[in-house]
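S.K.: Sharing coords_38.txt here; it has compact mmCIF, C-alpha atoms.
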```
# COMPACT_ATOMS: atom_id res chain seq x y z
CA MET U 1 9.84 16.68 17.50
CA LYS U 2 11.80 16.53 14.24
CA VAL U 3 10.81 13.47 12.21
CA LEU U 4 12.74 12.11 9.24
CA LEU U 5 10.21 10.48 6.88
CA ILE U 6 11.69 8.03 4.36
CA ASN U 7 10.13 6.41 1.29
CA ASN U 8 11.22 5.43 -2.23
CA TYR U 9 8.73 7.84 -3.84
CA LEU U 10 7.43 11.29 -2.97
CA TYR U 11 4.25 11.17 -4.99
CA ARG U 12 0.99 9.24 -4.91
CA ARG U 13 2.17 6.05 -6.61
CA GLY U 14 0.20 3.62 -4.47
CA GLY U 15 -1.36 3.12 -1.06
CA ALA U 16 1.97 3.17 0.78
CA GLU U 17 2.80 6.57 -0.69
CA VAL U 18 -0.62 7.93 0.32
CA VAL U 19 0.03 6.87 3.92
CA PHE U 20 3.55 8.30 3.78
CA LEU U 21 2.34 11.68 2.51
CA ASN U 22 -0.65 11.77 4.86
CA THR U 23 1.65 11.09 7.82
CA GLY U 24 3.88 14.00 6.85
CA GLU U 25 0.92 16.39 6.59
CA LEU U 26 -0.48 15.17 9.91
CA LEU U 27 2.82 15.68 11.73
CA LYS U 28 3.26 19.17 10.29
CA ALA U 29 -0.31 20.11 11.21
CA LYS U 30 0.45 19.09 14.79
CA GLY U 31 3.48 21.37 14.95
CA HIS U 32 6.26 18.85 14.33
CA GLU U 33 9.10 19.46 11.91
CA VAL U 34 9.20 16.99 9.02
CA VAL U 35 12.23 16.21 6.88
CA TYR U 36 11.63 14.07 3.79
CA PHE U 37 14.11 11.67 2.24
CA SER U 38 13.24 9.94 -1.01
CA GLN U 39 14.52 9.28 -4.51
CA ASP U 40 14.46 12.00 -7.13
CA TRP U 41 11.63 11.32 -9.60
CA GLU U 42 9.97 13.69 -12.07
CA GLU U 43 6.57 12.97 -10.51
CA ASN U 44 7.65 14.00 -6.98
CA ILE U 45 5.73 16.75 -5.26
CA PRO U 46 7.78 19.96 -4.67
CA CYS U 47 9.94 19.60 -1.58
CA ASP U 48 12.65 21.75 0.03
CA ASP U 49 14.56 18.59 0.97
CA ALA U 50 14.82 17.39 -2.66
CA LYS U 51 18.41 18.65 -2.90
CA TYR U 52 19.40 15.62 -0.84
CA PHE U 53 17.53 13.02 -2.91
CA PRO U 54 19.51 10.44 -4.91
CA LYS U 55 18.40 9.96 -8.50
CA GLY U 56 15.71 7.33 -8.94
CA ILE U 57 16.71 4.69 -11.48
CA ASP U 58 14.22 2.15 -12.78
CA THR U 59 15.57 -1.39 -13.17
CA LYS U 60 13.35 -1.66 -16.27
CA SER U 61 15.20 1.23 -17.94
CA LYS U 62 16.05 0.65 -21.60
CA GLY U 63 19.58 1.97 -21.27
CA PHE U 64 22.16 -0.66 -20.32
CA GLY U 65 24.05 1.74 -18.03
CA ASP U 66 20.95 2.80 -16.13
CA LYS U 67 19.71 -0.79 -15.97
CA LEU U 68 23.03 -1.92 -14.47
CA LYS U 69 23.03 0.97 -12.02
CA GLY U 70 19.43 0.24 -11.09
CA VAL U 71 20.25 -3.39 -10.28
CA SER U 72 23.27 -2.30 -8.24
CA ASN U 73 21.15 0.16 -6.27
CA TYR U 74 18.59 -2.57 -5.68
CA PHE U 75 21.14 -4.31 -3.45
CA CYS U 76 23.14 -1.43 -2.04
CA ASN U 77 22.43 2.19 -2.94
CA VAL U 78 25.71 3.81 -1.91
CA THR U 79 24.60 7.23 -3.15
CA ALA U 80 21.45 7.06 -1.02
CA ALA U 81 23.56 6.24 2.04
CA LYS U 82 25.83 9.26 1.45
CA LYS U 83 22.89 11.58 0.81
CA LEU U 84 21.09 10.35 3.93
CA GLU U 85 24.19 10.98 6.01
CA ALA U 86 24.23 14.55 4.75
CA VAL U 87 20.57 14.97 5.71
CA ILE U 88 21.15 13.66 9.22
CA LYS U 89 24.17 15.89 9.81
CA ALA U 90 22.29 18.96 8.59
CA GLU U 91 18.89 18.32 10.17
CA LYS U 92 19.65 16.18 13.26
CA PRO U 93 16.26 14.39 13.43
CA ASP U 94 14.92 12.91 16.66
CA ILE U 95 13.50 9.81 14.97
CA ALA U 96 13.29 8.23 11.52
CA HIS U 97 10.05 6.77 10.21
CA ILE U 98 10.62 4.52 7.20
CA HIS U 99 7.94 3.37 4.80
CA ASN U 100 8.92 1.55 1.55
CA PHE U 101 12.65 1.53 0.89
CA TRP U 102 13.62 -1.93 -0.40
CA GLY U 103 14.70 -2.01 -4.04
CA GLY U 104 15.28 1.74 -4.17
CA LEU U 105 16.98 3.51 -1.30
CA SER U 106 17.90 -0.04 -0.19
CA GLY U 107 18.81 -1.48 3.18
CA THR U 108 22.11 0.37 3.22
CA ILE U 109 20.31 3.38 4.73
CA LEU U 110 19.70 1.32 7.88
CA LYS U 111 23.41 1.27 8.67
CA VAL U 112 23.56 5.06 8.34
CA LEU U 113 20.67 5.54 10.74
CA ARG U 114 22.28 3.23 13.28
CA LYS U 115 25.68 4.89 12.86
CA HIS U 116 24.15 8.24 13.81
CA ASN U 117 22.04 6.79 16.64
CA ILE U 118 18.67 7.63 15.11
CA PRO U 119 15.79 5.60 16.62
CA THR U 120 13.90 4.00 13.75
CA VAL U 121 10.27 3.01 13.10
CA HIS U 122 9.19 1.06 10.02
CA THR U 123 5.63 0.91 8.68
CA VAL U 124 5.27 -2.51 7.06
CA HIS U 125 3.20 -2.03 3.89
CA ASP U 126 3.98 -5.35 2.17
CA TYR U 127 5.75 -8.67 2.78
CA ARG U 128 9.20 -7.90 1.39
CA MET U 129 10.96 -8.91 4.61
CA VAL U 130 9.77 -12.52 4.29
CA CYS U 131 8.83 -12.84 0.60
CA PRO U 132 11.18 -11.84 -2.26
CA GLY U 133 8.20 -11.12 -4.51
CA TYR U 134 6.68 -8.97 -1.73
CA ALA U 135 3.09 -10.22 -2.22
CA PHE U 136 3.18 -14.02 -1.70
CA LYS U 137 2.38 -14.53 -5.41
CA ASN U 138 4.22 -16.74 -7.91
CA GLY U 139 4.73 -16.21 -11.63
CA LYS U 140 1.36 -17.83 -12.37
CA ASN U 141 -0.38 -15.25 -10.20
CA GLU U 142 -1.16 -17.87 -7.56
CA ILE U 143 -0.84 -17.43 -3.80
CA CYS U 144 2.56 -18.89 -2.91
CA GLU U 145 4.30 -19.30 0.45
CA LYS U 146 6.90 -21.87 -0.59
CA CYS U 147 9.84 -19.70 0.47
CA ALA U 148 8.53 -19.92 4.05
CA GLY U 149 10.60 -16.90 4.99
CA LYS U 150 13.97 -18.51 4.18
CA HIS U 151 13.99 -20.79 1.08
CA PHE U 152 14.26 -17.88 -1.33
CA LEU U 153 15.61 -19.90 -4.28
CA LYS U 154 12.02 -20.97 -4.85
CA CYS U 155 11.38 -17.40 -5.99
CA ILE U 156 13.54 -18.20 -9.03
CA SER U 157 12.05 -21.60 -9.83
CA ASN U 158 8.53 -20.17 -9.53
CA ARG U 159 9.43 -16.89 -11.30
CA CYS U 160 7.60 -14.96 -8.62
CA SER U 161 8.47 -11.50 -9.95
CA ARG U 162 6.01 -10.91 -12.80
CA GLY U 163 6.96 -14.27 -14.35
CA SER U 164 10.42 -12.92 -15.16
CA LEU U 165 13.39 -15.20 -14.55
CA ALA U 166 15.79 -12.23 -14.47
CA MET U 167 13.78 -10.13 -12.00
CA SER U 168 12.98 -13.15 -9.84
CA THR U 169 16.69 -13.95 -9.63
CA ILE U 170 17.52 -10.37 -8.66
CA MET U 171 14.86 -10.29 -5.94
CA CYS U 172 15.95 -13.68 -4.60
CA MET U 173 19.61 -12.68 -4.41
CA GLU U 174 18.68 -9.35 -2.81
CA MET U 175 16.89 -11.20 -0.03
CA TYR U 176 19.94 -13.32 0.74
CA TYR U 177 22.21 -10.25 0.54
CA ARG U 178 19.93 -8.24 2.80
CA ASN U 179 19.62 -10.91 5.46
CA CYS U 180 23.41 -11.20 5.59
CA PHE U 181 24.32 -7.49 5.62
CA THR U 182 21.31 -5.30 6.44
CA ASN U 183 18.81 -7.52 8.21
CA PRO U 184 16.00 -5.16 9.29
CA LEU U 185 15.58 -7.02 12.57
CA ASP U 186 19.12 -5.97 13.46
CA TYR U 187 18.67 -2.29 12.62
CA ILE U 188 15.01 -1.26 13.04
CA ASP U 189 13.72 -0.57 16.55
CA SER U 190 9.93 -0.66 16.09
CA PHE U 191 7.60 -2.09 13.49
CA MET U 192 4.14 -0.78 12.68
CA PHE U 193 1.91 -3.36 10.97
CA VAL U 194 -1.22 -2.09 9.24
CA SER U 195 -3.31 -5.24 9.76
CA ASN U 196 -3.46 -8.11 12.22
CA PHE U 197 -3.26 -10.49 9.29
CA SER U 198 0.10 -9.03 8.24
CA TYR U 199 1.55 -9.19 11.74
CA LYS U 200 0.55 -12.85 12.13
CA LYS U 201 2.03 -13.71 8.74
CA PHE U 202 5.38 -12.18 9.71
CA LEU U 203 5.41 -14.03 13.02
CA GLN U 204 4.72 -17.24 11.12
CA TYR U 205 7.83 -16.92 8.96
CA ALA U 206 10.10 -14.71 11.09
CA PRO U 207 9.56 -15.51 14.81
CA ARG U 208 12.24 -12.95 15.73
CA PHE U 209 9.58 -10.27 15.38
CA LYS U 210 8.36 -11.41 18.82
CA GLU U 211 11.54 -9.88 20.23
CA LYS U 212 10.87 -6.47 18.67
CA HIS U 213 8.52 -3.66 19.62
CA CYS U 214 5.59 -4.25 17.24
CA VAL U 215 2.19 -2.58 17.04
CA THR U 216 -0.80 -2.85 14.69
CA MET U 217 -2.27 0.45 13.49
CA TYR U 218 -4.73 0.76 10.64
CA ASN U 219 -3.96 3.45 8.08
CA PHE U 220 -5.89 6.69 8.43
CA GLN U 221 -7.61 9.23 6.22
CA ASP U 222 -8.06 12.83 7.26
CA ALA U 223 -11.79 13.48 6.79
CA GLU U 224 -11.05 17.21 6.64
CA VAL U 225 -9.03 16.66 3.46
CA LEU U 226 -12.15 15.21 1.88
CA ALA U 227 -14.46 17.89 3.27
CA GLN U 228 -14.50 19.74 -0.04
CA VAL U 229 -16.23 16.74 -1.61
CA ASN U 230 -20.01 17.00 -1.43
CA LYS U 231 -21.34 14.05 0.59
CA GLU U 232 -24.89 14.05 -0.69
CA LEU U 233 -26.41 10.63 -1.35
CA ALA U 234 -25.05 9.26 -4.61
CA THR U 235 -27.49 8.34 -7.34
CA TYR U 236 -28.91 4.95 -6.36
CA ASN U 237 -28.56 3.56 -9.88
CA GLY U 238 -24.96 4.70 -10.05
CA TYR U 239 -21.84 2.95 -11.28
CA TYR U 240 -19.37 0.57 -9.67
CA LEU U 241 -15.78 1.77 -9.34
CA PHE U 242 -12.31 0.25 -9.27
CA TYR U 243 -9.37 2.53 -8.65
CA GLY U 244 -5.75 1.58 -8.20
CA ARG U 245 -2.89 -0.10 -9.99
CA LEU U 246 -3.87 -2.18 -13.02
CA SER U 247 -1.84 -5.28 -12.23
CA TYR U 248 -2.46 -9.01 -11.81
CA GLU U 249 -2.47 -9.10 -8.02
CA LYS U 250 -5.25 -6.51 -7.86
CA GLY U 251 -7.74 -8.94 -9.42
CA ILE U 252 -8.79 -6.46 -12.07
CA GLN U 253 -9.17 -9.20 -14.70
CA THR U 254 -11.67 -11.06 -12.51
CA LEU U 255 -13.61 -7.83 -12.05
CA ILE U 256 -13.73 -7.06 -15.77
CA ASN U 257 -14.73 -10.61 -16.70
CA THR U 258 -17.55 -10.36 -14.17
CA PHE U 259 -18.93 -7.08 -15.51
CA CYS U 260 -18.68 -8.38 -19.06
CA ARG U 261 -21.45 -10.74 -17.91
CA LEU U 262 -23.42 -7.84 -16.41
CA PRO U 263 -23.75 -5.54 -19.45
CA HIS U 264 -26.59 -3.53 -17.86
CA LEU U 265 -24.30 -2.35 -15.02
CA LYS U 266 -21.62 0.29 -15.45
CA LEU U 267 -18.05 -0.19 -14.21
CA LYS U 268 -15.56 2.67 -14.12
CA ILE U 269 -11.83 1.95 -13.86
CA VAL U 270 -9.46 4.62 -12.56
CA GLY U 271 -5.71 4.01 -12.68
CA THR U 272 -2.84 2.86 -14.82
CA GLY U 273 -0.46 -0.08 -14.74
CA PRO U 274 1.17 -2.91 -16.68
CA LEU U 275 -2.16 -4.53 -17.63
CA GLU U 276 -3.82 -1.40 -19.00
CA LYS U 277 -3.37 -2.19 -22.70
CA GLU U 278 -4.30 -5.86 -22.24
CA LEU U 279 -7.45 -5.00 -20.27
CA LYS U 280 -8.65 -2.46 -22.81
CA GLN U 281 -8.14 -5.02 -25.56
CA LEU U 282 -10.12 -7.58 -23.54
CA CYS U 283 -13.03 -5.16 -23.22
CA ASN U 284 -12.94 -4.40 -26.94
CA GLU U 285 -12.93 -8.10 -27.84
CA LYS U 286 -15.94 -8.74 -25.60
CA GLY U 287 -17.77 -5.61 -26.70
CA ALA U 288 -18.02 -4.47 -23.07
CA LYS U 289 -19.45 -1.00 -23.61
CA ASN U 290 -20.43 -0.83 -19.94
CA ILE U 291 -16.76 -0.65 -18.84
CA GLU U 292 -15.01 2.73 -18.98
CA PHE U 293 -11.30 3.44 -18.44
CA LEU U 294 -10.69 6.90 -16.98
CA GLY U 295 -6.90 6.83 -16.59
CA PHE U 296 -5.04 8.29 -13.62
CA LYS U 297 -6.90 10.64 -11.29
CA THR U 298 -6.02 12.19 -7.97
CA GLY U 299 -7.28 14.77 -5.48
CA LYS U 300 -10.84 16.06 -5.71
CA GLU U 301 -11.27 14.58 -9.17
CA LEU U 302 -10.66 11.08 -7.77
CA PHE U 303 -12.67 11.70 -4.61
CA ASP U 304 -15.67 12.81 -6.68
CA GLU U 305 -15.57 9.50 -8.56
CA ILE U 306 -15.47 7.60 -5.26
CA LYS U 307 -18.26 9.62 -3.69
CA ASN U 308 -20.57 9.16 -6.68
CA ALA U 309 -19.94 5.43 -7.00
CA LYS U 310 -22.60 3.04 -5.80
CA PHE U 311 -19.92 0.63 -4.54
CA VAL U 312 -16.13 0.58 -4.78
CA CYS U 313 -14.75 -2.81 -5.81
CA VAL U 314 -11.55 -4.21 -4.28
CA PRO U 315 -11.11 -7.60 -6.03
CA SER U 316 -7.54 -8.22 -4.88
CA GLU U 317 -6.02 -11.68 -5.34
CA CYS U 318 -3.08 -11.11 -3.02
CA TYR U 319 -2.68 -10.68 0.73
CA GLU U 320 -3.69 -7.03 0.98
CA ASN U 321 -2.85 -5.36 4.26
CA ASN U 322 -5.07 -2.35 4.92
CA PRO U 323 -6.06 -0.89 1.53
CA MET U 324 -6.33 2.89 1.33
CA THR U 325 -8.99 2.22 -1.30
CA ILE U 326 -11.37 0.98 1.41
CA ILE U 327 -10.39 3.66 3.90
CA GLU U 328 -11.01 6.49 1.44
CA SER U 329 -14.26 4.92 0.25
CA TYR U 330 -15.69 4.58 3.74
CA THR U 331 -14.66 8.12 4.60
CA LEU U 332 -16.71 9.29 1.61
CA ARG U 333 -19.67 7.12 2.66
CA THR U 334 -19.23 4.63 -0.18
CA PRO U 335 -19.58 0.95 0.76
CA VAL U 336 -17.20 -1.67 -0.64
CA ILE U 337 -17.33 -5.05 -2.36
CA GLY U 338 -14.04 -6.75 -1.53
CA ALA U 339 -12.28 -10.08 -1.91
CA ALA U 340 -12.16 -12.17 1.27
CA ILE U 341 -8.38 -12.26 1.45
CA GLY U 342 -5.64 -10.85 3.68
CA GLY U 343 -6.45 -7.81 5.79
CA ILE U 344 -9.52 -6.94 3.71
CA THR U 345 -11.63 -9.29 5.81
CA GLU U 346 -10.83 -7.22 8.93
CA ILE U 347 -12.40 -4.04 7.59
CA ILE U 348 -15.46 -5.13 5.61
CA GLU U 349 -18.36 -5.92 7.90
CA GLU U 350 -20.51 -8.29 5.85
CA GLY U 351 -23.88 -6.76 5.03
CA ARG U 352 -23.10 -3.66 7.09
CA THR U 353 -20.30 -1.71 5.38
CA GLY U 354 -20.17 -3.86 2.26
CA TYR U 355 -19.83 -7.43 1.03
CA ARG U 356 -17.07 -10.01 0.60
CA PHE U 357 -16.63 -12.63 -2.10
CA GLN U 358 -14.19 -15.48 -2.72
CA ALA U 359 -11.00 -14.02 -4.20
CA GLY U 360 -10.58 -14.79 -7.89
CA ASN U 361 -14.07 -16.27 -8.19
CA LYS U 362 -16.00 -14.32 -10.86
CA ASN U 363 -19.16 -16.36 -10.23
CA ASP U 364 -19.18 -15.46 -6.56
CA LEU U 365 -18.48 -11.81 -7.39
CA LYS U 366 -21.36 -11.83 -9.89
CA ARG U 367 -23.63 -13.25 -7.18
CA VAL U 368 -22.68 -10.46 -4.78
CA VAL U 369 -23.22 -7.70 -7.38
CA GLU U 370 -26.61 -9.12 -8.33
CA ASN U 371 -27.62 -9.18 -4.64
CA VAL U 372 -26.46 -5.59 -4.26
CA GLU U 373 -28.82 -4.61 -7.05
CA LEU U 374 -31.72 -5.93 -4.94
CA LEU U 375 -31.03 -3.50 -2.06
CA SER U 376 -33.76 -1.01 -1.36
CA GLU U 377 -32.85 2.67 -1.32
CA GLU U 378 -33.26 2.72 2.46
CA GLU U 379 -31.03 -0.33 2.94
CA TYR U 380 -28.39 1.30 0.76
CA ARG U 381 -28.55 4.58 2.69
CA ILE U 382 -28.08 2.74 6.00
CA MET U 383 -25.07 0.91 4.57
CA LYS U 384 -23.50 4.23 3.57
CA ASP U 385 -24.06 5.50 7.12
CA HIS U 386 -22.38 2.41 8.54
CA ALA U 387 -19.40 2.82 6.21
CA GLU U 388 -18.83 6.38 7.40
CA GLU U 389 -19.25 5.35 11.05
CA PHE U 390 -16.67 2.58 10.60
CA ALA U 391 -14.23 5.09 9.09
CA GLN U 392 -14.68 7.54 11.95
CA LYS U 393 -14.13 4.82 14.54
CA ASN U 394 -11.21 2.97 12.95
CA PHE U 395 -9.47 5.35 10.53
CA GLY U 396 -9.73 8.69 12.31
CA LYS U 397 -6.88 11.18 12.27
CA GLU U 398 -6.84 11.98 16.00
CA PRO U 399 -6.72 8.38 17.32
CA TYR U 400 -4.03 7.61 14.77
CA TYR U 401 -1.96 10.61 15.85
CA THR U 402 -2.23 9.67 19.52
CA SER U 403 -1.06 6.12 18.79
CA LEU U 404 1.72 7.37 16.52
CA MET U 405 3.09 9.67 19.22
CA GLU U 406 3.00 6.83 21.73
CA LEU U 407 4.95 4.67 19.29
CA TYR U 408 7.54 7.39 18.64
CA LYS U 409 8.07 8.11 22.34
CA GLN U 410 8.31 4.44 23.24
CA THR U 411 10.79 3.83 20.42
CA ILE U 412 13.02 6.71 21.54
CA SER U 413 12.79 5.57 25.16
CA ASN U 414 13.68 1.98 24.31
CA TYR U 415 16.60 3.12 22.17
CA LYS U 416 18.06 5.21 24.97
CA LYS U 417 17.78 2.28 27.38
CA ASN U 418 19.69 0.01 25.03
```
Translate this structure into structure tokens?
M.R.:
Amino acid sequence: MKVLLINNYLYRRGGAEVVFLNTGELLKAKGHEVVYFSQDWEENIPCDDAKYFPKGIDTKSKGFGDKLKGVSNYFCNVTAAKKLEAVIKAEKPDIAHIHNFWGGLSGTILKVLRKHNIPTVHTVHDYRMVCPGYAFKNGKNEICEKCAGKHFLKCISNRCSRGSLAMSTIMCMEMYYRNCFTNPLDYIDSFMFVSNFSYKKFLQYAPRFKEKHCVTMYNFQDAEVLAQVNKELATYNGYYLFYGRLSYEKGIQTLINTFCRLPHLKLKIVGTGPLEKELKQLCNEKGAKNIEFLGFKTGKELFDEIKNAKFVCVPSECYENNPMTIIESYTLRTPVIGAAIGGITEIIEEGRTGYRFQAGNKNDLKRVVENVELLSEEEYRIMKDHAEEFAQKNFGKEPYYTSLMELYKQTISNYKKN
């Protein structure tokens, strides 16, 4: 089978990109032909298909021309549509599997796929189809569902995009434009949700999803990819680890404020993002010498940090779906402390693979960390075993591949019938 994989980025920018890249490697390992379609970014991994990629333009660019072009592409990326058409004519894929494409390649690619009769699957990584701000968060970093899947002007009044009136307006208008001209429910054949929580949330605000072919499949992690990482028992008095994007919705401020009150415990932070400078300044002001910023890491260097951590912390304050952070941690036998919000609650078994705390509550998080410190070495070892067992059962490569093939074949079959 020849699969056209589509995503805004072809590098490990976040969890969605990890899933996108992992899917491509899995399909190739199973003998399928994979064609990538993305935007052209300097960070992209080398790819033979890059000659087709439209230039990636950041809407936050300093240049007025690029900024204007970026906003235009946000609504309708005409260049992406033309480039995609060239890919389809040259490669003739059997199916297209789309990951993140809003705000970059844009919904205009959906019309091209339909024009050329390409059955289409979409992995739903966020809430962009029902929430302009994509994460159900307003400008005050509070959980917000006021748009209710249709009243998108509230995105502007609540400045849901990073507190910016301009960006919130753009995202609001893009939602109205999209629903009029490139409504995904009119063009996409199958939807893959990565948590039950996400699927229920979409049904709540867009009942039309009941009419579509929808499945729930947790993300996967190939344990063989991590095989080069030594899985010996980590030092019991090890450090706690956060890795990911340093942004408000990830709850990193709550985590840092908590560990500022636990100066005898070490916290390592891996990643970059818009809050990096502010967070470092916060640590300096509080004299938090127990908190270390390690910057961006990937591959074995990142996996070593995960493996050697006592616990990985996932303090998200948004409706996470199925965080790769937890999947990778479990695969490396590292238990997790996570916020009880969104899809996180589905994959942390309390007291067995980790612990949950009330999202945004630094006192509750402190309580959990202090209780963790009371674990005996044997209790900790058993928890690591349970984490790995959970990963093997729920995030395994082979079960995922079997389900993915069933989804592809069903999507193609349904398309031919219609």
S.K.: With only C-alpha atoms as the atoms that count, which of U:Val124, U:Leu294, U:Ile256, U:Cys76 lies nearest to Val194 of chain U?
M.R.: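 Using only C-alpha atoms, Val194 of chain U sits closest to U:Val124.
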S.K.: For segment 3-20 of chain U, find every residue with an atom within 6 Å (counting only C-alpha atoms), except residues of its own chain fewer than 3 positions away, and show them as a list in words.
M.R.: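 Close residues of segment 3-20 of chain U: Thr23, Val34, Val35, Tyr36, Phe37, Ser38, Gln39, Asn44, Ile45, Pro93, Ile95, Ala96, His97, Ile98, His99, Asn100, Phe101, Gly104 and Met324 of chain U.
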S.K.: Of the residues U:Gly163, U:Pro323, U:Gly273, U:Gly354, which is the one nearest to Val336 of chain U, using all atoms listed in the file?
M.R.: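 Nearest candidate to Val336 of chain U out of U:Gly163, U:Pro323, U:Gly273, U:Gly354: U:Gly354.
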S.K.: Would you kindly return, as an MDAnalysis selection string, each protein, DNA or RNA residue with an atom no farther than 8 Å from any atom of Phe75 of chain U, considering all atoms listed in the file and excluding same-chain residues fewer than 3 positions away?
M.R.: chainID U and resid 71:72 103 106:107 174 177:178
S.K.: Which neighbours of Asp94 of chain U fall inside 12 Å, counting all atoms listed in the file, when residues of the same chain fewer than 3 positions from it are skipped, and could you give them as a ChimeraX atom specification?
M.R.: /U:1-5,32-35,88-89,91,97,113,116-121,408-409,411-413,415-416
S.K.: Separation of atom CA of Lys286 of chain U and atom CA of Thr254 of chain U, in Å?
M.R.: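 Rounded to one decimal, the two atoms are 14.0 Å apart.
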S.K.: Taking into account all atoms listed in the file, which residue in the set U:Gln410, U:Thr169, U:Thr325, U:Asn183 is nearest to Arg208 of chain U?
M.R.: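 Of U:Gln410, U:Thr169, U:Thr325, U:Asn183, the one nearest Arg208 of chain U, counting all atoms listed in the file, is U:Asn183.
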S.K.: Could you tell me how far atom CA of Leu105 of chain U sits from atom CA of Leu84 of chain U, in Å to one decimal place?
M.R.: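 Rounded to one decimal, the two atoms are 9.5 Å apart.
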S.K.: Would you mind reading off the distance between atom CA of Ala206 of chain U and atom CA of Ala80 of chain U, one decimal, in Å?
M.R.: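 Between atom CA of Ala206 of chain U and atom CA of Ala80 of chain U the gap is 27.4 Å.
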S.K.: So, counting all atoms listed in the file, which residue among U:Cys47, U:Met217, U:Ile326, U:Met383 is closest to Lys397 of chain U?
M.R.: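 Ranking U:Cys47, U:Met217, U:Ile326, U:Met383 by distance to Lys397 of chain U, first place goes to U:Met217.
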S.K.: When you look at Phe193 of chain U with a cut-off of 7 Å (counting all atoms listed in the file), what residues show up, excluding the ones that are within fewer than 4 positions of it in the same chain? I need them as a VMD selection string.
M.R.: chain U and resid 123 to 124 198 to 199 215 to 217
S.K.: Report as a list of chain:residue names all protein, DNA and RNA residues lying within 7 Å of Cys318 of chain U, evaluated on all atoms listed in the file, omitting residues in the same chain fewer than 5 positions from it.
M.R.: U:Ala135, U:Lys137, U:Ile143, U:Glu249
